[in-house]
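Source file: query-v3.cif (mmCIF, C-alpha atoms and all ligand atoms)
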data_start
loop_
_atom_site.label_atom_id
_atom_site.label_comp_id
_atom_site.auth_asym_id
_atom_site.auth_seq_id
_atom_site.Cartn_x
_atom_site.Cartn_y
_atom_site.Cartn_z
CA MET A 27 81.20 105.57 110.18
CA ASP A 28 81.62 101.84 110.19
CA VAL A 29 83.68 99.84 112.64
CA LYS A 30 86.60 99.40 110.27
CA ARG A 31 86.89 103.13 109.66
CA ILE A 32 86.69 103.89 113.37
CA PHE A 33 89.38 101.27 113.94
CA ASN A 34 91.60 102.74 111.21
CA LYS A 35 91.11 106.23 112.58
CA GLY A 36 92.10 104.92 116.00
CA LEU A 37 95.25 103.43 114.51
CA ASP A 38 96.01 106.69 112.77
CA LEU A 39 95.91 108.49 116.11
CA ILE A 40 98.29 105.99 117.69
CA PHE A 41 100.48 105.57 114.57
CA PRO A 42 99.79 108.70 112.53
CA PRO A 43 100.70 108.54 108.83
CA LYS A 44 104.17 109.94 108.29
CA CYS A 45 105.99 110.97 105.14
CA ILE A 46 108.34 108.05 104.40
CA PHE A 47 111.09 110.49 103.39
CA CYS A 48 111.15 113.26 106.03
CA GLY A 49 109.02 111.74 108.78
CA GLN A 50 106.62 114.69 108.86
CA ILE A 51 103.26 113.69 110.42
CA MET A 52 100.51 113.85 107.85
CA ARG A 53 96.79 114.45 108.01
CA ILE A 54 94.79 111.64 109.61
CA GLY A 55 93.41 109.37 106.92
CA THR A 56 96.31 109.95 104.52
CA THR A 57 97.15 106.69 102.78
CA PHE A 58 99.89 107.96 100.46
CA GLU A 59 102.75 108.84 102.76
CA MET A 60 104.72 111.38 100.76
CA CYS A 61 104.43 115.03 101.82
CA THR A 62 104.23 117.91 99.36
CA ASP A 63 107.59 119.32 100.52
CA CYS A 64 109.34 116.09 99.64
CA SER A 65 107.40 115.70 96.44
CA ALA A 66 108.76 119.10 95.35
CA ASN A 67 112.35 118.45 96.38
CA LEU A 68 113.19 114.79 95.89
CA PRO A 69 115.81 113.83 93.25
CA TRP A 70 113.37 112.73 90.56
CA ILE A 71 114.92 111.60 87.33
CA THR A 72 113.44 113.77 84.68
CA ALA A 73 115.31 114.37 81.44
CA ASN A 74 118.80 113.57 80.20
CA ALA A 75 119.03 109.98 81.27
CA CYS A 76 121.03 107.18 79.65
CA VAL A 77 118.85 105.64 76.96
CA LYS A 78 119.77 102.12 78.09
CA CYS A 79 119.84 102.07 81.90
CA GLY A 80 118.03 105.30 82.72
CA LYS A 81 120.89 106.79 84.74
CA PRO A 82 121.08 110.60 84.82
CA THR A 83 123.97 111.44 82.52
CA GLY A 84 124.25 115.17 83.10
CA LEU A 85 124.60 115.49 79.35
CA ASN A 86 122.52 117.80 77.27
CA GLU A 87 121.24 115.10 75.03
CA ASN A 88 118.73 112.49 75.99
CA LYS A 89 119.88 109.88 73.52
CA MET A 90 123.29 109.04 74.89
CA LEU A 91 124.58 105.92 76.57
CA CYS A 92 126.31 106.42 79.90
CA SER A 93 129.89 105.14 80.05
CA ASP A 94 128.85 102.07 82.09
CA CYS A 95 126.44 100.99 79.37
CA LYS A 96 128.94 101.71 76.61
CA ASN A 97 131.40 99.34 78.24
CA ALA A 98 129.16 96.72 79.80
CA GLY A 99 126.93 95.50 76.99
CA HIS A 100 124.05 94.69 79.34
CA LEU A 101 121.73 91.87 78.35
CA TYR A 102 118.51 93.52 79.45
CA ALA A 103 116.68 95.69 76.94
CA ARG A 104 115.95 98.92 78.80
CA GLY A 105 115.92 100.23 82.33
CA THR A 106 114.42 103.11 84.22
CA SER A 107 114.35 104.47 87.76
CA VAL A 108 112.21 106.93 89.63
CA PHE A 109 114.94 108.66 91.64
CA ALA A 110 118.65 109.25 91.81
CA TYR A 111 120.09 107.23 94.71
CA THR A 112 120.96 110.08 96.99
CA GLY A 113 119.84 112.10 100.03
CA MET A 114 116.40 111.34 101.47
CA VAL A 115 115.67 108.65 98.88
CA LYS A 116 118.81 106.75 99.84
CA LYS A 117 117.99 107.05 103.55
CA ALA A 118 114.38 105.93 103.02
CA LEU A 119 115.50 102.87 101.04
CA GLN A 120 117.97 101.97 103.78
CA ARG A 121 115.25 102.26 106.45
CA MET A 122 112.93 100.16 104.34
CA LYS A 123 115.47 97.38 104.07
CA PHE A 124 117.29 97.44 107.37
CA GLU A 125 114.60 98.78 109.73
CA GLY A 126 111.77 96.71 108.32
CA ARG A 127 109.64 99.54 106.91
CA LYS A 128 107.66 97.32 104.58
CA ARG A 129 104.88 99.89 104.12
CA TYR A 130 107.33 102.14 102.20
CA ALA A 131 106.70 99.79 99.26
CA ILE A 132 103.23 101.30 98.93
CA VAL A 133 104.64 104.74 98.05
CA PHE A 134 107.60 103.46 96.04
CA GLY A 135 105.53 100.90 94.14
CA PHE A 136 102.95 103.50 93.16
CA LEU A 137 105.66 105.88 91.93
CA MET A 138 107.27 103.05 89.93
CA ALA A 139 103.93 102.25 88.30
CA GLN A 140 103.55 105.92 87.36
CA GLN A 141 107.05 105.91 85.91
CA LEU A 142 106.28 102.83 83.81
CA LYS A 143 103.21 104.51 82.36
CA LYS A 144 105.50 107.25 81.04
CA MET A 145 107.92 104.95 79.23
CA LYS A 146 107.81 105.33 75.49
CA ASN A 147 108.67 102.47 73.13
CA TRP A 148 108.42 99.85 75.84
CA PRO A 149 106.48 96.73 74.85
CA ILE A 150 103.51 95.21 76.65
CA ILE A 151 104.81 93.44 79.74
CA ASN A 152 103.73 89.80 80.15
CA ILE A 153 105.28 88.94 83.48
CA VAL A 154 106.65 90.84 86.48
CA ALA A 155 109.70 89.32 88.16
CA TYR A 156 111.97 90.60 90.90
CA THR A 157 115.51 90.03 92.07
CA PRO A 158 115.61 87.26 94.68
CA LEU A 159 117.18 87.15 98.11
CA HIS A 160 119.06 84.11 99.33
CA LYS A 161 116.90 82.19 101.83
CA LYS A 162 119.27 82.95 104.70
CA ARG A 163 119.11 86.68 103.95
CA TYR A 164 115.34 86.40 103.59
CA ALA A 165 115.02 84.65 106.95
CA LYS A 166 117.02 87.41 108.60
CA ARG A 167 115.10 90.31 107.02
CA GLY A 168 111.70 88.66 106.92
CA PHE A 169 110.81 90.05 103.52
CA ASN A 170 112.22 90.76 100.09
CA GLN A 171 111.83 94.46 99.32
CA ALA A 172 112.01 93.82 95.56
CA LYS A 173 109.08 91.43 95.82
CA LEU A 174 107.01 93.96 97.79
CA LEU A 175 107.68 96.57 95.09
CA ALA A 176 106.90 94.14 92.26
CA ASN A 177 103.65 93.23 93.97
CA GLU A 178 102.57 96.89 94.17
CA ILE A 179 103.47 97.50 90.52
CA ALA A 180 101.59 94.39 89.39
CA LYS A 181 98.56 95.53 91.36
CA HIS A 182 98.51 99.03 89.86
CA LEU A 183 99.18 98.01 86.27
CA LYS A 184 97.28 94.70 86.37
CA TYR A 185 100.37 92.73 85.44
CA THR A 186 100.97 89.09 86.33
CA LEU A 187 103.47 88.67 89.15
CA ALA A 188 105.65 85.59 88.74
CA GLU A 189 106.44 84.67 92.33
CA ASP A 190 109.81 83.07 92.93
CA ILE A 191 110.64 82.77 89.25
CA LEU A 192 114.27 83.46 90.14
CA TYR A 193 116.00 82.26 93.23
CA LYS A 194 119.42 82.78 94.67
CA VAL A 195 121.48 79.72 95.43
CA LYS A 196 124.64 81.42 96.64
CA ASN A 197 124.57 83.61 99.72
CA THR A 198 126.96 86.22 98.35
CA PRO A 199 128.32 89.32 100.10
CA SER A 200 126.29 92.46 99.42
CA GLN A 201 127.08 93.96 96.02
CA SER A 202 127.36 97.40 97.62
CA SER A 203 130.34 96.17 99.67
CA LEU A 204 132.33 95.33 96.55
CA ALA A 205 134.30 97.24 93.95
CA ARG A 206 132.95 97.40 90.43
CA GLY A 207 135.35 94.78 89.14
CA GLN A 208 134.37 92.20 91.78
CA ARG A 209 130.62 92.47 91.35
CA GLN A 210 130.19 90.18 88.40
CA GLN A 211 132.46 87.50 89.86
CA ASN A 212 130.51 87.70 93.13
CA LEU A 213 127.27 86.81 91.37
CA TYR A 214 128.70 84.18 89.06
CA ASN A 215 126.37 81.17 89.06
CA ALA A 216 124.47 82.69 91.99
CA PHE A 217 120.93 82.43 90.61
CA ARG A 218 118.58 79.77 89.27
CA LEU A 219 115.38 79.96 87.30
CA ASN A 220 112.14 78.20 88.19
CA THR A 221 111.57 76.39 84.94
CA LYS A 222 107.93 75.68 85.78
CA ILE A 223 107.12 79.24 84.76
CA ASP A 224 107.15 79.66 80.99
CA VAL A 225 109.05 82.77 79.91
CA LYS A 226 109.47 81.89 76.25
CA ASP A 227 108.85 84.86 73.94
CA LYS A 228 107.63 86.92 76.88
CA ASN A 229 108.54 90.45 77.84
CA ILE A 230 109.51 90.54 81.46
CA LEU A 231 109.64 93.44 83.87
CA LEU A 232 112.40 92.91 86.41
CA VAL A 233 112.03 94.88 89.65
CA ASP A 234 114.72 95.82 92.17
CA ASP A 235 115.18 98.56 94.73
CA ILE A 236 118.54 100.00 93.66
CA TYR A 237 120.54 99.97 90.43
CA THR A 238 124.25 100.69 90.69
CA THR A 239 126.31 99.02 87.98
CA GLY A 240 123.46 96.81 86.79
CA THR A 241 125.30 93.58 87.59
CA THR A 242 122.47 92.03 89.61
CA VAL A 243 119.69 92.68 87.10
CA ASN A 244 122.00 91.69 84.29
CA GLU A 245 122.80 88.34 85.91
CA CYS A 246 119.07 87.72 86.45
CA THR A 247 118.45 88.64 82.82
CA ARG A 248 120.99 86.03 81.73
CA TYR A 249 118.78 83.23 83.14
CA LEU A 250 115.56 84.66 81.74
CA LYS A 251 117.06 85.10 78.27
CA ALA A 252 118.56 81.61 78.33
CA ALA A 253 115.04 80.26 78.93
CA GLY A 254 113.80 82.12 75.86
CA ALA A 255 112.50 85.43 77.25
CA LYS A 256 112.02 87.97 74.48
CA GLY A 257 113.08 91.06 76.39
CA VAL A 258 113.83 92.02 79.97
CA TYR A 259 112.93 95.52 81.12
CA VAL A 260 114.20 96.81 84.42
CA ILE A 261 112.73 99.22 86.92
CA THR A 262 114.28 100.27 90.22
CA VAL A 263 113.30 102.84 92.81
CA ALA A 264 116.66 104.57 92.57
CA ILE A 265 119.79 104.56 90.46
CA GLY A 266 123.36 105.61 91.16
CA LYS A 267 124.84 108.47 89.21
CA GLY A 268 126.43 107.80 85.84
CA ARG A 269 130.13 108.18 85.16
ZN ZN B 1 108.31 114.59 103.44
ZN ZN B 2 123.50 103.58 81.11
#

Please lay out the structure from this file as structure tokens.
Amino acid sequence: MDVKRIFNKGLDLIFPPKCIFCGQIMRIGTTFEMCTDCSANLPWITANACVKCGKPTGLNENKMLCSDCKNAGHLYARGTSVFAYTGMVKKALQRMKFEGRKRYAIVFGFLMAQQLKKMKNWPIINIVAYTPLHKKRYAKRGFNQAKLLANEIAKHLKYTLAEDILYKVKNTPSQSSLARGQRQQNLYNAFRLNTKIDVKDKNILLVDDIYTTGTTVNECTRYLKAAGAKGVYVITVAIGKGR
């Protein structure tokens, strides 16, 4: 056993790998921190999702638009999520963001990459982008969870990550604190695009942690499309339930 492995084993004994969802201590040497119990019981999105945003519709058909998408006319092309935003997934995402659990991105990013491999009729992705945090919010949190996820996805699927292609110029209140009707107004003119990165005729994967009404990813899409992007495809870890 080499020094690095002994060192890692030592770390595992002090900080044993734990399932990111339930906290169960896992076998020493485990690098993928999701236990089999959680794997069997988490709210995976399987069938019957909205064909546009990927929200579970609860309908029997898989080709329907949810009522949000029917009304909103989103600018992005297609979206998908790994989980419904509920229960242990919701709690894990909150810990990731507000308790600094950056390593959760390893599990989530891998699952997102797996999800992307399953998508039918999606084009070849040219660039991976992510929703930005305002610099004040970034300074407070120390990281952007969407960027960590995008980085993992890019690594697994050998995509090109466009760092800081979008940035946020307005430090807006959290979208989750607002009613549906206020969300678009809140983000009006809130983003800018780094024009040094060429997006013309490119298909872009836009990564975020949570999708609720789609306002954030839609506003980001507006800038990418205005700069000539061909299509914007969205993936999030989790998505709120459809109406
Ligand atoms: Zn677990
Ligand atoms: Zn939808």

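Across the model, the gap from CA of Phe109 (chain A) to CA of Leu68 (chain A) is 7.7 Å.
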
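In this structure, CA of Asp94 (chain A) sits 11.2 Å away from CA of Gly266 (chain A).
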
TODO: For Gly168 (chain A), work out the shell of residues within 12 Å, counting all atoms listed in the file and skipping chain neighbours fewer than 2 positions away, then give it as a list in words.
DONE: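 Everything that qualifies: Met122, Lys123, Phe124, Glu125, Gly126, Arg127, Lys128, Leu159, His160, Lys161, Lys162, Arg163, Tyr164, Ala165, Lys166, Asn170, Gln171, Lys173 and Leu174 of chain A.
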
Task: Environment of ligand ZN 2 (chain B) within 10 Å, counting all atoms listed in the file, reported as a PyMOL selection string - done: chain A and resi 75-83+90-100+104-106+239-240+267-269

Open item on the list: Residues contacting ligand ZN 1 (chain B) - anything with an atom at most 6 Å away, using all atoms listed in the file - can you give me those as a PyMOL selection string?
Closed with: chain A and resi 45+47-48+50+60-61+63-64

TODO: Name the closest residue to Tyr193 (chain A) among the candidates A:Asn74, A:Asn220, A:Asn244, A:Asn67; distances are taken between atoms, counting only C-alpha atoms.
DONE: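 Ranking A:Asn74, A:Asn220, A:Asn244, A:Asn67 by distance to Tyr193 (chain A), first place goes to A:Asn220.
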
Task: Answer as a list of chain:residue names, residues within 9 Å of (107.6, 82.2, 77.5) using all atoms listed in the file - done: A:Asn152, A:Ile223, A:Asp224, A:Val225, A:Lys226, A:Asp227, A:Lys228, A:Asn229, A:Ala253, A:Gly254, A:Ala255, A:Lys256

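The smallest atom-to-atom distance between Pro69 (chain A) and any of A:Ile265, A:Ile236, A:Ala139, A:Leu192, using only C-alpha atoms, is found for A:Ile265.
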
Open item on the list: Just the number, please: distance in Å from CA of Ile151 (chain A) to CA of Leu137 (chain A), one decimal.
Closed with: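 That distance, rounded to one decimal, is 17.4 Å.
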
Task: Closest of A:Ala103, A:Ile71, A:Ala118, A:Val29 to Ile46 (chain A) - atom-to-atom distances counting only C-alpha atoms - done: A:Ala118

Open item on the list: When you look at region 40-43 of chain A with a cut-off of 8 Å (counting all atoms listed in the file), what residues show up, excluding the ones that are within fewer than 4 positions of it in the same chain? I need them as a PyMOL selection string.
Closed with: chain A and resi 36+51-57+59

Per-axis box centre and lengths in Å around region 248-257 of chain A, 6 Å margin per side, axis-aligned, as AutoDock Vina command-line options:
--center_x 116.5 --center_y 85.7 --center_z 78.8 --size_x 21.0 --size_y 22.8 --size_z 20.7

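Here the question is which of A:Ser107, A:Met114, A:Leu232, A:Lys143 gets nearest to Val260 (chain A) using all atoms listed in the file, and that residue is A:Leu232.
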